[in-house]
Amino acid sequence: MNINTSGTLYIVATPIGNLQDMSLRAVETLKKVDVIAVEDTRHSAPLLQHFAVTTPTLALHDHNERDRAALLLKRLQKGESIALISDAGTPLISDPGYHLVSEAKNAGITVVPIPGACAAIAALSAAGLPTDRFVFEGFLPVKTAARTARLKELDSEARTLIFYEAPHRIMDVLQDMQAVFGDARRVVVARELTKMFETIRSGTLAEIVAWANADKNQQRGEIVILVEGAEKTAATDPDVQRVLTILLEALPLKQAVELAAKITNQRKNELYQQALKQKIE
């Protein structure tokens, strides 16, 4: 009878600002494991001290994760238990940890999530934008050309878009969004969530760009940007395109458009233009 004697890897969420958001389970887990893998030992030290956690720590960040993952995997296979935390929030969400978790799963190690704060979800819950379907994009490319290209790829995305952004790039990013998505697209900037100067501001892109540009304080701290999804049209909705394609194969263009309008509740004029385009293609 084979008995799995390997340890357990715990993925522990920590506060994104307010220490009262730390869960009891997270504190207990950090105290009981053999070692805590942290993104930055200096950054995590005050958190661990606050909750009287004396467990040894080991740095695991973007630059050493592949090497450290192999070391930690060996310790797990020997039966040790390890907790992974990031500087703030839920590990792996725009933070290190993917390689460690992936290798642990591949090796049959038990991986246990200890849920808690996540800036993206916290911002979404208070944004007032649709929450039934959303896309987390993390950080956009640093260079303007690459960033603009990525935004253009997302221009027709109907789901709510969520981004993280650094304060020194916030104006450039908002202006690029305005140029690509247009003045009227709704956007929410959630800044310094759970902290003293928490700000959640919503408006059109034109309004938010003007607001952030007029108040330099809004260009500081940890920032989440949420953008309303694009309105679905005959040209952007894949379901509409699929219905049109099927109908056009069996019916004359006019009949296909009329039936597609009844099925999809789209405007006949838009469907007609899309049908012509599909015929040409």
# chains A, B, ... in the order shown; residues from 1 in each chain; ligands from 1
$ residues_around --residues "segment 93-107 of chain A" --least-positions-apart "2" --cutoff "8 Å" --atoms "only C-alpha atoms" --output "ChimeraX atom specification"
/A:9,39,60-62,65-66,69-70,72-73,84,86,90-91,109-111,138-139
$ write_last_selection --atoms "C-alpha atoms" --output "compact mmCIF listing (two decimals), in the first residue's frame"
# COMPACT_ATOMS: atom_id res chain seq x y z
CA LEU A 9 1.87 23.58 -0.67
CA GLU A 39 8.02 37.60 -2.98
CA LEU A 60 10.74 33.50 -4.39
CA HIS A 61 10.34 36.17 -7.07
CA ASP A 62 10.32 36.59 -10.84
CA GLU A 65 11.45 31.31 -9.26
CA ARG A 66 12.57 28.54 -11.61
CA ALA A 69 10.84 26.04 -7.39
CA ALA A 70 13.12 23.02 -7.82
CA LEU A 72 11.07 23.89 -2.74
CA LEU A 73 9.75 20.89 -4.64
CA LEU A 84 3.45 30.79 -0.71
CA SER A 86 3.07 37.51 -2.48
CA THR A 90 -3.61 36.43 -3.90
CA PRO A 91 -0.38 34.81 -5.17
CA ILE A 109 1.98 17.40 -4.44
CA THR A 110 -1.22 18.54 -2.73
CA VAL A 111 -1.83 22.26 -3.38
CA GLY A 138 -3.21 42.16 -15.65
CA PHE A 139 -0.60 44.71 -16.71
$ residues_around --residues "segment 162-176 of chain A" --least-positions-apart "4" --cutoff "9 Å" --atoms "only C-alpha atoms" --output "PDB file with N, CA and C atoms, in the first residue's frame"
ATOM      1  N   SER A  94      -0.934  38.116 -11.291  1.00  0.00           N
ATOM      2  CA  SER A  94       0.092  39.109 -11.646  1.00  0.00           C
ATOM      3  C   SER A  94       1.226  39.112 -10.635  1.00  0.00           C
ATOM      4  N   ALA A 119      -7.111  42.298  -5.399  1.00  0.00           N
ATOM      5  CA  ALA A 119      -7.454  43.660  -5.812  1.00  0.00           C
ATOM      6  C   ALA A 119      -8.420  43.674  -6.992  1.00  0.00           C
ATOM      7  N   ALA A 120      -8.222  42.773  -7.947  1.00  0.00           N
ATOM      8  CA  ALA A 120      -9.083  42.748  -9.130  1.00  0.00           C
ATOM      9  C   ALA A 120     -10.533  42.467  -8.756  1.00  0.00           C
ATOM     10  N   ALA A 123     -12.078  45.363  -6.617  1.00  0.00           N
ATOM     11  CA  ALA A 123     -12.443  46.500  -7.465  1.00  0.00           C
ATOM     12  C   ALA A 123     -13.697  46.200  -8.276  1.00  0.00           C
ATOM     13  N   LEU A 124     -13.784  45.007  -8.830  1.00  0.00           N
ATOM     14  CA  LEU A 124     -14.940  44.624  -9.636  1.00  0.00           C
ATOM     15  C   LEU A 124     -16.222  44.662  -8.815  1.00  0.00           C
ATOM     16  N   PHE A 134     -16.296  38.657 -17.054  1.00  0.00           N
ATOM     17  CA  PHE A 134     -15.224  39.647 -17.070  1.00  0.00           C
ATOM     18  C   PHE A 134     -13.910  38.999 -17.487  1.00  0.00           C
ATOM     19  N   VAL A 135     -12.957  39.836 -17.886  1.00  0.00           N
ATOM     20  CA  VAL A 135     -11.648  39.375 -18.345  1.00  0.00           C
ATOM     21  C   VAL A 135     -10.568  40.095 -17.544  1.00  0.00           C
ATOM     22  N   PHE A 136      -9.679  39.332 -16.925  1.00  0.00           N
ATOM     23  CA  PHE A 136      -8.554  39.932 -16.207  1.00  0.00           C
ATOM     24  C   PHE A 136      -7.342  39.959 -17.128  1.00  0.00           C
ATOM     25  N   GLU A 137      -6.862  41.159 -17.443  1.00  0.00           N
ATOM     26  CA  GLU A 137      -5.744  41.329 -18.370  1.00  0.00           C
ATOM     27  C   GLU A 137      -4.420  41.615 -17.663  1.00  0.00           C
ATOM     28  N   GLY A 138      -4.450  41.847 -16.365  1.00  0.00           N
ATOM     29  CA  GLY A 138      -3.213  42.161 -15.654  1.00  0.00           C
ATOM     30  C   GLY A 138      -2.617  43.473 -16.133  1.00  0.00           C
ATOM     31  N   PHE A 139      -1.283  43.499 -16.265  1.00  0.00           N
ATOM     32  CA  PHE A 139      -0.601  44.706 -16.707  1.00  0.00           C
ATOM     33  C   PHE A 139      -0.510  44.732 -18.236  1.00  0.00           C
ATOM     34  N   LEU A 140      -0.802  45.871 -18.820  1.00  0.00           N
ATOM     35  CA  LEU A 140      -0.633  46.067 -20.262  1.00  0.00           C
ATOM     36  C   LEU A 140       0.839  46.227 -20.588  1.00  0.00           C
ATOM     37  N   VAL A 142       4.400  47.752 -21.568  1.00  0.00           N
ATOM     38  CA  VAL A 142       4.982  49.030 -21.146  1.00  0.00           C
ATOM     39  C   VAL A 142       5.110  49.996 -22.322  1.00  0.00           C
ATOM     40  N   THR A 144       4.393  52.002 -25.722  1.00  0.00           N
ATOM     41  CA  THR A 144       3.155  52.557 -26.260  1.00  0.00           C
ATOM     42  C   THR A 144       2.607  51.759 -27.439  1.00  0.00           C
ATOM     43  N   ARG A 147       1.252  48.433 -26.320  1.00  0.00           N
ATOM     44  CA  ARG A 147       0.066  48.653 -25.485  1.00  0.00           C
ATOM     45  C   ARG A 147      -1.147  49.013 -26.351  1.00  0.00           C
ATOM     46  N   THR A 148      -0.944  49.906 -27.305  1.00  0.00           N
ATOM     47  CA  THR A 148      -2.031  50.301 -28.193  1.00  0.00           C
ATOM     48  C   THR A 148      -2.526  49.113 -29.017  1.00  0.00           C
ATOM     49  N   LEU A 151      -4.697  46.961 -26.818  1.00  0.00           N
ATOM     50  CA  LEU A 151      -5.995  47.584 -26.588  1.00  0.00           C
ATOM     51  C   LEU A 151      -6.898  47.456 -27.813  1.00  0.00           C
ATOM     52  N   VAL A 180      -8.299  54.524 -28.184  1.00  0.00           N
ATOM     53  CA  VAL A 180      -8.737  53.265 -28.804  1.00  0.00           C
ATOM     54  C   VAL A 180     -10.224  53.001 -28.569  1.00  0.00           C
ATOM     55  N   PHE A 181     -10.680  53.140 -27.312  1.00  0.00           N
ATOM     56  CA  PHE A 181     -12.059  52.790 -26.961  1.00  0.00           C
ATOM     57  C   PHE A 181     -13.045  53.938 -27.193  1.00  0.00           C
ATOM     58  N   LEU A 205     -14.410  57.657 -20.302  1.00  0.00           N
ATOM     59  CA  LEU A 205     -12.956  57.795 -20.428  1.00  0.00           C
ATOM     60  C   LEU A 205     -12.545  59.262 -20.534  1.00  0.00           C
ATOM     61  N   ALA A 206     -13.326  60.056 -21.249  1.00  0.00           N
ATOM     62  CA  ALA A 206     -13.015  61.483 -21.354  1.00  0.00           C
ATOM     63  C   ALA A 206     -13.040  62.144 -19.980  1.00  0.00           C
ATOM     64  N   ILE A 208     -12.706  60.632 -16.969  1.00  0.00           N
ATOM     65  CA  ILE A 208     -11.680  60.091 -16.073  1.00  0.00           C
ATOM     66  C   ILE A 208     -10.296  60.613 -16.438  1.00  0.00           C
ATOM     67  N   VAL A 209     -10.014  60.757 -17.714  1.00  0.00           N
ATOM     68  CA  VAL A 209      -8.725  61.310 -18.136  1.00  0.00           C
ATOM     69  C   VAL A 209      -8.581  62.742 -17.616  1.00  0.00           C
ATOM     70  N   ALA A 212      -8.134  62.602 -13.636  1.00  0.00           N
ATOM     71  CA  ALA A 212      -6.819  62.142 -13.203  1.00  0.00           C
ATOM     72  C   ALA A 212      -5.733  63.146 -13.564  1.00  0.00           C
ATOM     73  N   ASN A 213      -5.886  63.799 -14.698  1.00  0.00           N
ATOM     74  CA  ASN A 213      -4.893  64.782 -15.133  1.00  0.00           C
ATOM     75  C   ASN A 213      -4.911  66.028 -14.251  1.00  0.00           C
ATOM     76  N   GLN A 218      -4.272  61.387  -7.734  1.00  0.00           N
ATOM     77  CA  GLN A 218      -4.938  60.216  -8.316  1.00  0.00           C
ATOM     78  C   GLN A 218      -3.996  59.410  -9.208  1.00  0.00           C
ATOM     79  N   GLN A 219      -2.766  59.854  -9.334  1.00  0.00           N
ATOM     80  CA  GLN A 219      -1.764  59.147 -10.131  1.00  0.00           C
ATOM     81  C   GLN A 219      -0.745  58.459  -9.226  1.00  0.00           C
ATOM     82  N   ARG A 220      -1.155  58.155  -8.009  1.00  0.00           N
ATOM     83  CA  ARG A 220      -0.266  57.521  -7.044  1.00  0.00           C
ATOM     84  C   ARG A 220      -0.885  56.243  -6.508  1.00  0.00           C
ATOM     85  N   GLY A 221      -0.038  55.363  -6.002  1.00  0.00           N
ATOM     86  CA  GLY A 221      -0.513  54.164  -5.320  1.00  0.00           C
ATOM     87  C   GLY A 221      -0.788  52.989  -6.247  1.00  0.00           C
ATOM     88  N   GLU A 222      -1.416  51.963  -5.668  1.00  0.00           N
ATOM     89  CA  GLU A 222      -1.777  50.755  -6.409  1.00  0.00           C
ATOM     90  C   GLU A 222      -3.097  51.006  -7.132  1.00  0.00           C
ATOM     91  N   ILE A 223      -3.141  50.691  -8.430  1.00  0.00           N
ATOM     92  CA  ILE A 223      -4.298  51.088  -9.247  1.00  0.00           C
ATOM     93  C   ILE A 223      -4.874  49.900 -10.024  1.00  0.00           C
ATOM     94  N   VAL A 224      -6.208  49.804  -9.993  1.00  0.00           N
ATOM     95  CA  VAL A 224      -6.941  48.857 -10.832  1.00  0.00           C
ATOM     96  C   VAL A 224      -7.818  49.677 -11.769  1.00  0.00           C
ATOM     97  N   ILE A 225      -7.781  49.350 -13.059  1.00  0.00           N
ATOM     98  CA  ILE A 225      -8.627  50.016 -14.045  1.00  0.00           C
ATOM     99  C   ILE A 225      -9.632  48.998 -14.576  1.00  0.00           C
ATOM    100  N   LEU A 226     -10.905  49.373 -14.565  1.00  0.00           N
ATOM    101  CA  LEU A 226     -11.952  48.507 -15.098  1.00  0.00           C
ATOM    102  C   LEU A 226     -12.653  49.238 -16.233  1.00  0.00           C
ATOM    103  N   VAL A 227     -12.824  48.566 -17.353  1.00  0.00           N
ATOM    104  CA  VAL A 227     -13.411  49.180 -18.537  1.00  0.00           C
ATOM    105  C   VAL A 227     -14.665  48.403 -18.939  1.00  0.00           C
TER     106      VAL A 227
END
$ residues_around --residues "Thr131 of chain A" --least-positions-apart "5" --cutoff "10 Å" --atoms "only C-alpha atoms" --output "ChimeraX atom specification"
/A:121,124-126,159-160
$ select_by_dssp --residues "segment 171-277 of chain A" --states "alpha helix (DSSP H)" --output "ChimeraX atom specification"
/A:171-181,205-214,238-250,253-264,268-277
$ closest_residue --among "A:Ala83, A:Met22, A:Ala230, A:Leu247" --to "Val38 of chain A" --atoms "only C-alpha atoms"
A:Ala83
$ residues_around --residues "Ala13 of chain A" --least-positions-apart "6" --cutoff "7 Å" --atoms "only C-alpha atoms" --output "PyMOL selection string"
chain A and resi 85+89-91+114-117
$ select_by_dssp --residues "segment 78-269 of chain A" --states "strand (DSSP E)" --output "ChimeraX atom specification"
/A:82-85,110-114,134-139,160-165,186-191,199-204,223-227
$ write_last_selection --atoms "C-alpha atoms" --output "mmCIF file, in the first residue's frame"
data_model
loop_
_atom_site.group_PDB
_atom_site.id
_atom_site.type_symbol
_atom_site.label_atom_id
_atom_site.label_comp_id
_atom_site.auth_asym_id
_atom_site.auth_seq_id
_atom_site.Cartn_x
_atom_site.Cartn_y
_atom_site.Cartn_z
ATOM 1 C CA ILE A 82 5.299 25.260 2.490
ATOM 2 C CA ALA A 83 3.192 28.411 2.251
ATOM 3 C CA LEU A 84 3.449 30.794 -0.706
ATOM 4 C CA ILE A 85 2.569 34.461 -0.271
ATOM 5 C CA THR A 110 -1.216 18.543 -2.733
ATOM 6 C CA VAL A 111 -1.832 22.257 -3.379
ATOM 7 C CA VAL A 112 -4.307 23.985 -1.053
ATOM 8 C CA PRO A 113 -5.664 27.524 -1.621
ATOM 9 C CA ILE A 114 -6.198 29.755 1.415
ATOM 10 C CA PHE A 134 -15.224 39.647 -17.070
ATOM 11 C CA VAL A 135 -11.648 39.375 -18.345
ATOM 12 C CA PHE A 136 -8.554 39.932 -16.207
ATOM 13 C CA GLU A 137 -5.744 41.329 -18.370
ATOM 14 C CA GLY A 138 -3.213 42.161 -15.654
ATOM 15 C CA PHE A 139 -0.601 44.706 -16.707
ATOM 16 C CA THR A 160 -15.814 43.853 -18.457
ATOM 17 C CA LEU A 161 -12.040 44.364 -18.716
ATOM 18 C CA ILE A 162 -9.813 44.500 -15.622
ATOM 19 C CA PHE A 163 -6.245 45.840 -15.648
ATOM 20 C CA TYR A 164 -3.521 46.536 -13.095
ATOM 21 C CA GLU A 165 -1.344 49.574 -13.690
ATOM 22 C CA ARG A 186 -17.346 53.812 -19.168
ATOM 23 C CA VAL A 187 -14.320 53.229 -16.978
ATOM 24 C CA VAL A 188 -13.609 52.880 -13.253
ATOM 25 C CA VAL A 189 -10.314 53.674 -11.551
ATOM 26 C CA ALA A 190 -9.950 51.938 -8.171
ATOM 27 C CA ARG A 191 -6.917 53.236 -6.303
ATOM 28 C CA THR A 199 -10.641 56.043 -4.220
ATOM 29 C CA ILE A 200 -13.144 54.433 -6.598
ATOM 30 C CA ARG A 201 -14.006 56.826 -9.404
ATOM 31 C CA SER A 202 -16.249 56.072 -12.360
ATOM 32 C CA GLY A 203 -17.130 57.991 -15.506
ATOM 33 C CA THR A 204 -16.524 58.063 -19.216
ATOM 34 C CA ILE A 223 -4.298 51.088 -9.247
ATOM 35 C CA VAL A 224 -6.941 48.857 -10.832
ATOM 36 C CA ILE A 225 -8.627 50.016 -14.045
ATOM 37 C CA LEU A 226 -11.952 48.507 -15.098
ATOM 38 C CA VAL A 227 -13.411 49.180 -18.537
#
$ closest_residue --among "A:Met196, A:Gly79, A:Ala37, A:Ala45" --to "Asn64 of chain A" --atoms "only C-alpha atoms"
A:Ala37
$ closest_residue --among "A:Phe197, A:Lys277, A:Ala149, A:Gly17" --to "Ala122 of chain A" --atoms "only C-alpha atoms"
A:Gly17
$ residues_around --residues "segment 263-266 of chain A" --least-positions-apart "5" --cutoff "12 Å" --atoms "only C-alpha atoms" --output "number ranges by chain"
A: 231-244, 247, 256-258, 271-274
$ residues_around --residues "His50 of chain A" --least-positions-apart "4" --cutoff "12 Å" --atoms "only C-alpha atoms" --output "NGL selection string"
:A and (19-20 or 22 or 27 or 44-46 or 54)
$ closest_residue --among "A:Leu193, A:Ala127, A:Arg42, A:Arg133" --to "Glu157 of chain A" --atoms "only C-alpha atoms"
A:Arg133
$ atom_distance --atom1 "atom CA of Gly108 of chain A" --atom2 "atom CA of Glu80 of chain A"
14.1 Å
$ closest_residue --among "A:Ala261, A:Gln49, A:Glu28, A:Ala88" --to "Thr194 of chain A" --atoms "only C-alpha atoms"
A:Ala88
